[in-house]
Each structure stands twice: as structure tokens, then as C-alpha cells.
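Undergrad: The structure is given below, and queries will be raised subsequently.
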Amino acid sequence: MHTTDNKIGDAEAVAAEAARIASDLARCGWSVSDEFFGAEAREIIDALACEIRTLHLNGLLQPAGIGRGAGAELRPEIRGDFTKWLDEGALSPASAGYRKRMETLRDVLNRELFLGLASLEAHFALYPPGAFYRLHLDRFASSDERAISTTLYLNEDWSEADGGELRLDLPEGRMGILPVRGRLVVFRSDAIRHEVAPSRRERFSLTGWFRRRPVLVI
């Protein structure tokens, strides 16, 4: 009974935090949460951190390009991270746990903000020491499918001295966010320009985008 009660309590806490994130998005277009993947999700975070390190050690992370699909090109002067997309057909238990919790967030954002979010695409990302990503928007000029950007950080014992801030370009000025383990950052893909500052150590994250269904042209 005690275990069941904990699960119910966790589900309620996750839903409440998702509602707070939705309120932030409605008010200012971005939100930071250290609670959505809080203590109850520690095992998921630890396993995801282990998973990306294993991918890295096995050479399964690839240099990320600029642009879409086959037309993407490597531009290290703009972007220096290495990535691997999550394969829905072959999810690890940790990745499945991540997706399940993110589905709760998608449901709440749709209910509270009427965004019509249909799916989540996500990839692991590694920034080697010194790597960065110049200021950009996540939404492609040729498509409005990406609506909400998310980043979950997987870095142990990160400090200001390590660098690697996510910097949001906001009307009131630049907001720097440290990539602390378990921290989730959520923002509008079409409105919040952002960049990743160089770090002094390897920087790990799981980055995702909630997407709308594509518009069919007949």
C-alpha cells in the first residue's frame, strides 16, 4: 500500500509541476523546473546519464548538423555537439520512463494552452569541452511543427566554473541557466532565441521538441 501511495503522490506532484510549467509558458514563454524530474525520478536520470556515456564510449554519437534531414550540413563554427536520436521502436527502460513523464507534460500543455501537441522527438546531446551552439531558434523556417522545446540535463555536480550555460535571449535581457542534473528547461520554439556557451567539461543532455501535426496541403 505504501508503494502505491507513493506512486499516486508522485503522479499528482508531476501533474502539478506540469501545470506550473504551462502557466510560465503562457506568461513569458519559458520555464525552468528542478522538480518535474525530481527525487522520484532519480533512477531515470541516473540511467539516462549512464546511457549517454555508454553511447559516447561506443562511438554512437554523431556530429550534429545545421538544417533538416539529408540536407543538414556540418558547421562547427555554429554548432559543435554530438547527438543520437531516440528510436521509439528500441527505447531503453530509462528512455521509456523519460517519454512517459514527458507525455504527462504534453497532455497538460494541450489541456491548459490548447497547443495541439501531437508527438515528441528527442535526442541525446554531448558537448565536448569548448563546444558551443550559436544563437538560434529551434523552429525551421519551412515548418511550424516544432512548438515547444525541452532540455533535460544529465550532468553530475555542475558548477558555474564549468560554464556551458544555456542562454535565453529574452526581452528583459539574457538569461543564463546552468545545466544541472535533473533540471528541465521548456520554452517556445518559435519565440525564444537561445545559445549554448562553451563548457570546461563534457556536457550531457536530452533535448526534445513537442510537435504539432503537419498541415496537409491538398
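In the C-alpha cells, the first chain shown is A, the next is B, and so on; residue numbers restart at 1 for each chain, and ligands run from 1 in the order shown.
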Mind checking DSSP for range 140-212 of chain A and telling me the strand (DSSP E) residues as a VMD selection string?
TA: chain A and resid 146 to 153 166 to 170 173 to 177 184 to 188 193 to 196 203 to 212
Undergrad: Any idea what's packed within 7 Å of Gly163 in chain A, counting only C-alpha atoms, ignoring anything in its chain fewer than 6 positions away? Could you give it as an MDAnalysis selection string?
TA: chainID A and resid 197:200
Undergrad: Set the distance at 10 Å and use only C-alpha atoms: which residues neighbour range 141-148 of chain A once local chain neighbours fewer than 6 positions away are removed? I'd like the list as an mmCIF file with N, CA and C atoms, in the first residue's frame.
TA:
```cif
data_model
loop_
_atom_site.group_PDB
_atom_site.id
_atom_site.type_symbol
_atom_site.label_atom_id
_atom_site.label_comp_id
_atom_site.auth_asym_id
_atom_site.auth_seq_id
_atom_site.Cartn_x
_atom_site.Cartn_y
_atom_site.Cartn_z
ATOM 1 N N LEU A 25 4.825 29.213 -19.352
ATOM 2 C CA LEU A 25 4.836 29.353 -20.807
ATOM 3 C C LEU A 25 3.798 30.366 -21.273
ATOM 4 N N GLY A 29 6.695 32.539 -21.897
ATOM 5 C CA GLY A 29 7.233 31.747 -22.997
ATOM 6 C C GLY A 29 8.326 30.776 -22.621
ATOM 7 N N TRP A 30 8.701 30.687 -21.334
ATOM 8 C CA TRP A 30 9.753 29.764 -20.915
ATOM 9 C C TRP A 30 9.565 29.378 -19.456
ATOM 10 N N GLY A 67 20.251 22.388 -40.261
ATOM 11 C CA GLY A 67 19.282 22.105 -41.314
ATOM 12 C C GLY A 67 18.527 20.821 -41.043
ATOM 13 N N ARG A 68 17.715 20.407 -42.020
ATOM 14 C CA ARG A 68 16.815 19.274 -41.831
ATOM 15 C C ARG A 68 17.245 18.078 -42.659
ATOM 16 N N ARG A 106 3.060 16.881 -21.993
ATOM 17 C CA ARG A 106 2.358 17.172 -23.256
ATOM 18 C C ARG A 106 0.855 17.267 -23.022
ATOM 19 N N LEU A 109 0.043 20.552 -21.184
ATOM 20 C CA LEU A 109 0.198 21.726 -22.055
ATOM 21 C C LEU A 109 -0.956 21.817 -23.054
ATOM 22 N N LEU A 115 -2.466 23.753 -27.360
ATOM 23 C CA LEU A 115 -1.374 23.834 -28.328
ATOM 24 C C LEU A 115 -1.463 22.798 -29.444
ATOM 25 N N GLY A 116 -2.256 21.769 -29.265
ATOM 26 C CA GLY A 116 -2.353 20.740 -30.303
ATOM 27 C C GLY A 116 -1.074 19.955 -30.495
ATOM 28 N N LEU A 117 -0.333 19.712 -29.398
ATOM 29 C CA LEU A 117 0.917 18.966 -29.485
ATOM 30 C C LEU A 117 0.615 17.490 -29.710
ATOM 31 N N ALA A 118 1.213 16.917 -30.760
ATOM 32 C CA ALA A 118 0.876 15.554 -31.158
ATOM 33 C C ALA A 118 1.957 14.542 -30.811
ATOM 34 N N SER A 119 3.202 14.957 -30.721
ATOM 35 C CA SER A 119 4.283 13.992 -30.526
ATOM 36 C C SER A 119 5.513 14.677 -29.955
ATOM 37 N N LEU A 120 6.467 13.850 -29.551
ATOM 38 C CA LEU A 120 7.744 14.332 -29.040
ATOM 39 C C LEU A 120 8.869 13.673 -29.822
ATOM 40 N N GLU A 121 9.786 14.478 -30.337
ATOM 41 C CA GLU A 121 11.030 13.955 -30.893
ATOM 42 C C GLU A 121 12.154 14.385 -29.964
ATOM 43 N N VAL A 186 12.046 24.424 -20.511
ATOM 44 C CA VAL A 186 10.974 24.344 -21.508
ATOM 45 C C VAL A 186 10.732 25.744 -22.047
ATOM 46 N N PHE A 187 10.647 25.882 -23.373
ATOM 47 C CA PHE A 187 10.390 27.208 -23.933
ATOM 48 C C PHE A 187 9.768 27.091 -25.321
ATOM 49 N N ARG A 188 9.195 28.194 -25.793
ATOM 50 C CA ARG A 188 8.540 28.228 -27.101
ATOM 51 C C ARG A 188 9.587 28.164 -28.212
ATOM 52 N N SER A 189 9.421 27.224 -29.108
ATOM 53 C CA SER A 189 10.392 27.019 -30.187
ATOM 54 C C SER A 189 10.416 28.174 -31.172
ATOM 55 N N ASP A 190 9.294 28.866 -31.333
ATOM 56 C CA ASP A 190 9.190 29.911 -32.349
ATOM 57 C C ASP A 190 9.574 31.289 -31.848
ATOM 58 N N ALA A 191 9.775 31.440 -30.527
ATOM 59 C CA ALA A 191 9.906 32.786 -29.976
ATOM 60 C C ALA A 191 11.166 33.024 -29.160
ATOM 61 N N ILE A 192 11.767 31.969 -28.624
ATOM 62 C CA ILE A 192 12.902 32.144 -27.723
ATOM 63 C C ILE A 192 14.201 31.771 -28.429
ATOM 64 N N GLY A 208 14.514 17.737 -26.511
ATOM 65 C CA GLY A 208 13.314 17.295 -27.225
ATOM 66 C C GLY A 208 12.477 18.454 -27.723
ATOM 67 N N TRP A 209 11.555 18.121 -28.621
ATOM 68 C CA TRP A 209 10.619 19.107 -29.162
ATOM 69 C C TRP A 209 9.231 18.482 -29.235
ATOM 70 N N PHE A 210 8.265 19.152 -28.614
ATOM 71 C CA PHE A 210 6.872 18.774 -28.824
ATOM 72 C C PHE A 210 6.438 19.348 -30.164
ATOM 73 N N ARG A 211 5.827 18.500 -30.969
ATOM 74 C CA ARG A 211 5.491 18.867 -32.341
ATOM 75 C C ARG A 211 3.984 18.828 -32.580
ATOM 76 N N ARG A 212 3.535 19.758 -33.411
ATOM 77 C CA ARG A 212 2.170 19.689 -33.926
ATOM 78 C C ARG A 212 2.145 18.773 -35.148
ATOM 79 N N ARG A 213 0.958 18.326 -35.508
ATOM 80 C CA ARG A 213 0.843 17.540 -36.739
ATOM 81 C C ARG A 213 1.094 18.444 -37.945
ATOM 82 N N PRO A 214 1.746 17.925 -38.986
ATOM 83 C CA PRO A 214 1.974 18.747 -40.185
ATOM 84 C C PRO A 214 0.664 19.090 -40.875
ATOM 85 N N VAL A 215 0.636 20.267 -41.468
ATOM 86 C CA VAL A 215 -0.544 20.699 -42.211
ATOM 87 C C VAL A 215 -0.527 20.021 -43.577
#
```
Undergrad: Can you tell me which residues surround Leu166 in chain A at a distance of at most 7 Å, considering only C-alpha atoms, apart from same-chain residues fewer than 4 positions away, and format the answer as a PyMOL selection string?
TA: chain A and resi 176-178+195-197
Undergrad: Ranking A:Ile66, A:Cys28, A:Val14, A:Leu57 by minimum distance to Ala41 in chain A and counting only C-alpha atoms, which one comes first?
TA: A:Val14
Undergrad: To one decimal place in Å, what is the distance between CA of Leu206 in chain A and CA of Gly173 in chain A?
TA: 25.7 Å
Undergrad: For the helix (DSSP H, G or I) assignment from backbone DSSP, which residues of chain A qualify? Please present them as JSON, numbers by chain.
TA: {"A": [2, 3, 4, 5, 6, 7, 8, 9, 10, 11, 12, 13, 14, 15, 16, 17, 18, 19, 20, 21, 22, 23, 24, 25, 26, 27, 28, 39, 40, 41, 42, 43, 44, 45, 46, 47, 48, 49, 50, 51, 52, 53, 54, 55, 56, 57, 69, 70, 71, 88, 89, 90, 93, 94, 95, 96, 97, 98, 99, 100, 101, 102, 103, 104, 105, 106, 107, 108, 109, 110, 111, 112, 113, 160, 161, 162]}
Undergrad: Could you name the residues that touch range 79-89 of chain A at 10 Å or less, counting only C-alpha atoms, but leaving out those on the same chain fewer than 4 positions away, as JSON, numbers by chain?
TA: {"A": [52, 55, 56, 60, 61, 62, 63, 64, 65, 66, 74, 75, 95, 96, 99, 121, 122, 123, 124, 125, 126, 127, 128, 129, 130, 131, 132, 133, 134, 135, 195, 196, 198, 203, 204, 205, 206, 207, 208]}
Undergrad: I need the chosen residues saved as a short mmCIF file (atom, residue, chain, number, x, y, z; two decimals), in the first residue's frame, with N, CA and C atoms.
TA:
```cif
data_model
loop_
_atom_site.label_atom_id
_atom_site.label_comp_id
_atom_site.auth_asym_id
_atom_site.auth_seq_id
_atom_site.Cartn_x
_atom_site.Cartn_y
_atom_site.Cartn_z
N ILE A 52 23.86 7.80 -22.03
CA ILE A 52 24.56 8.68 -22.96
C ILE A 52 26.07 8.50 -22.86
N LEU A 55 26.81 5.40 -24.92
CA LEU A 55 26.74 5.74 -26.34
C LEU A 55 28.01 6.46 -26.78
N HIS A 56 28.47 7.38 -25.95
CA HIS A 56 29.69 8.14 -26.27
C HIS A 56 30.91 7.22 -26.33
N LEU A 60 28.78 6.05 -30.72
CA LEU A 60 27.47 6.05 -31.36
C LEU A 60 26.82 7.43 -31.42
N LEU A 61 27.51 8.44 -30.91
CA LEU A 61 27.04 9.82 -31.06
C LEU A 61 27.69 10.42 -32.31
N GLN A 62 26.89 11.12 -33.10
CA GLN A 62 27.37 11.66 -34.37
C GLN A 62 27.37 13.19 -34.35
N PRO A 63 28.31 13.83 -35.07
CA PRO A 63 28.31 15.30 -35.14
C PRO A 63 26.97 15.82 -35.65
N ALA A 64 26.43 16.82 -34.97
CA ALA A 64 25.13 17.38 -35.35
C ALA A 64 25.29 18.41 -36.46
N GLY A 65 24.32 18.43 -37.37
CA GLY A 65 24.36 19.36 -38.48
C GLY A 65 23.37 20.50 -38.34
N ILE A 66 23.43 21.43 -39.27
CA ILE A 66 22.51 22.55 -39.36
C ILE A 66 21.56 22.28 -40.52
N LEU A 74 27.37 20.01 -41.70
CA LEU A 74 28.19 20.23 -40.52
C LEU A 74 28.77 21.63 -40.55
N ARG A 75 28.52 22.40 -39.50
CA ARG A 75 29.03 23.78 -39.40
C ARG A 75 29.61 23.97 -38.00
N SER A 95 14.84 5.54 -21.21
CA SER A 95 14.27 6.41 -22.24
C SER A 95 12.75 6.30 -22.27
N ALA A 96 12.23 5.10 -22.03
CA ALA A 96 10.78 4.91 -21.97
C ALA A 96 10.21 5.65 -20.77
N ARG A 99 10.08 9.33 -21.67
CA ARG A 99 8.96 9.62 -22.57
C ARG A 99 7.62 9.60 -21.83
N GLU A 121 9.79 14.48 -30.34
CA GLU A 121 11.03 13.96 -30.89
C GLU A 121 12.15 14.38 -29.96
N ALA A 122 13.17 13.53 -29.80
CA ALA A 122 14.21 13.85 -28.81
C ALA A 122 15.52 13.19 -29.19
N HIS A 123 16.61 13.80 -28.78
CA HIS A 123 17.92 13.18 -28.96
C HIS A 123 18.84 13.47 -27.77
N PHE A 124 19.74 12.53 -27.52
CA PHE A 124 20.83 12.78 -26.59
C PHE A 124 21.78 13.78 -27.23
N ALA A 125 22.41 14.61 -26.39
CA ALA A 125 23.38 15.58 -26.91
C ALA A 125 24.59 15.65 -25.99
N LEU A 126 25.75 15.58 -26.58
CA LEU A 126 27.03 15.76 -25.87
C LEU A 126 27.76 16.96 -26.47
N TYR A 127 28.13 17.91 -25.61
CA TYR A 127 29.01 19.00 -26.00
C TYR A 127 30.39 18.72 -25.40
N PRO A 128 31.41 18.44 -26.23
CA PRO A 128 32.76 18.28 -25.70
C PRO A 128 33.25 19.60 -25.10
N PRO A 129 34.29 19.55 -24.26
CA PRO A 129 34.84 20.80 -23.72
C PRO A 129 35.16 21.80 -24.84
N GLY A 130 34.68 23.03 -24.67
CA GLY A 130 34.92 24.08 -25.66
C GLY A 130 33.87 24.18 -26.74
N ALA A 131 33.00 23.18 -26.88
CA ALA A 131 31.96 23.21 -27.92
C ALA A 131 30.84 24.17 -27.51
N PHE A 132 30.11 24.66 -28.51
CA PHE A 132 29.06 25.65 -28.28
C PHE A 132 28.01 25.52 -29.37
N TYR A 133 26.94 26.32 -29.23
CA TYR A 133 25.91 26.43 -30.27
C TYR A 133 25.51 27.90 -30.31
N ARG A 134 25.73 28.52 -31.46
CA ARG A 134 25.45 29.94 -31.60
C ARG A 134 23.95 30.24 -31.46
N LEU A 135 23.64 31.51 -31.26
CA LEU A 135 22.27 31.96 -31.05
C LEU A 135 21.38 31.53 -32.22
N GLU A 195 21.27 30.12 -27.01
CA GLU A 195 22.57 29.61 -27.38
C GLU A 195 23.13 28.76 -26.24
N VAL A 196 24.13 27.94 -26.57
CA VAL A 196 24.84 27.14 -25.56
C VAL A 196 26.27 27.68 -25.48
N PRO A 198 30.28 27.74 -24.32
CA PRO A 198 31.31 26.71 -24.17
C PRO A 198 31.45 26.28 -22.71
N ARG A 203 29.46 17.97 -21.50
CA ARG A 203 28.12 18.44 -21.10
C ARG A 203 27.08 17.54 -21.76
N PHE A 204 26.24 16.89 -20.94
CA PHE A 204 25.28 15.91 -21.43
C PHE A 204 23.85 16.39 -21.22
N SER A 205 22.99 16.11 -22.19
CA SER A 205 21.57 16.46 -22.06
C SER A 205 20.72 15.57 -22.94
N LEU A 206 19.42 15.67 -22.73
CA LEU A 206 18.43 15.01 -23.58
C LEU A 206 17.49 16.11 -24.04
N THR A 207 17.57 16.44 -25.31
CA THR A 207 16.84 17.58 -25.87
C THR A 207 15.66 17.09 -26.69
N GLY A 208 14.51 17.74 -26.51
CA GLY A 208 13.31 17.30 -27.23
C GLY A 208 12.48 18.45 -27.72
#
```
Undergrad: What separation in Å, quoted to one decimal, exists between CA of Leu184 in chain A and CA of Ala47 in chain A?
TA: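 So the answer is 16.2 Å.
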